[in-house]
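These notes concern the structure reproduced below.
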Amino acid sequence: MRVLFIAGNWKMNPAKGEEAIALANAVKTGVGQAIDVRVAICPPFPWLGVVDDALSGSPIGLGAQNMNAKADGAYTGETSGAMLVDIGCTHVILGHSERRHGLGETNEQVNQKLLTALGVGLIPIVCIGETRQEREADQTESVIGHQLNGSLAGVTPEQMGGVVLAYEPVWAIGTGLTASPAQAQAVHAFIRGKLVTLFGGATAARVIVQYGGSVKADNALELLACPDIDGALVGGASLKPADFLGIIQAGQTVTATGKPAS
Ligand code: 13P
């Protein structure tokens, strides 16, 4: 049984450390101790330390939004996985579409980062997803298959059991356009099938596959109820405590009531 995992990707927000602390405190208070879903928040690099302090004593995980694949060396402006672990990170988002499409990050680079992250003990959240043009050209499965082949190369089945995937259709990110539960479930089922081929059925059944793209408190319940959707990677709504807590509450409800039989 996969435990639902709700993660907040704060992207390049908020502008001030004190706002980051206030946001983390609000989520921490709202979540409390007794949660039966996994929760993590992923602030920008400068706020990782203060947010780690704020989250002290909480079950909420801390994630970064990127890392360099190299262990150390002359890479001006870059941040290593070991640094993330030292500052308190448990997770790292890799291959977000804003990096793939905005900064030209490739599957090969994502793969190198993934292998490094696994080596230092971080839980990677590997993002995949098709653009609107690719969906309209009926290329969704081929694009996602290619991203999975490339990004997950060289990962063992044992390692893969601890990797989190996030299906984020690019056309749904920050646009208010959410994939319908049926559209999202269809891609998640495809991803699960691909994981069976690559890693075997036992591993595929363990891998958490989050959905991301305009997840809000009012659409989370029906998305999280889908059989192959195991959580959410939340952007804009994770910056508003009430909205993020509402999504976590939807996860708790689905966990308590069970998913409808598929
Ligand atoms: P939004 O929830 O703002 O659409 O962002 C999704 C996302 O990119 C999370 O990583």
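Following the order of the structure tokens, chains are lettered A, B, ..., residues in each are numbered from 1, and ligands are numbered from 1.
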Neighbours of A:Glu78 within 10 Å (only C-alpha atoms; same-chain residues fewer than 6 positions away dropped), as a PyMOL selection string?
-> chain A and resi 66-70+72
Name each residue within 7 Å of ligand 1, counting only C-alpha atoms and all ligand atoms, as a ChimeraX atom specification.
-> /A:9,96,168,172-176,212-215,233-237
For A:Val85, which residue out of A:Ala232, A:Leu48, A:Ala54, A:Ala261 is the nearest one, using only C-alpha atoms?
->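 Among the listed residues, A:Leu48 lies closest to A:Val85.
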Which one is closest to A:Ile41: A:Leu221, A:Ile87, A:Leu118, A:Val92? Count only C-alpha atoms.
-> A:Val92
Rank nothing, just name the residue among A:Leu55, A:Leu177, A:Val120, A:Ile229 nearest to A:Ala189, using only C-alpha atoms.
->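 Among A:Leu55, A:Leu177, A:Val120, A:Ile229, it is A:Ile229 that comes nearest to A:Ala189.
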Measuring atom to atom with only C-alpha atoms, identify which of A:Pro124, A:Arg2, A:Gln210, A:Leu239 is nearest to A:Ile21.
->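 The answer is A:Leu239, which sits nearest to A:Ile21.
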Tell me, in Å to one decimal, how far atom CA of A:Glu108 is from atom CA of A:Leu148.
->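 Atom CA of A:Glu108 sits 10.7 Å away from atom CA of A:Leu148.
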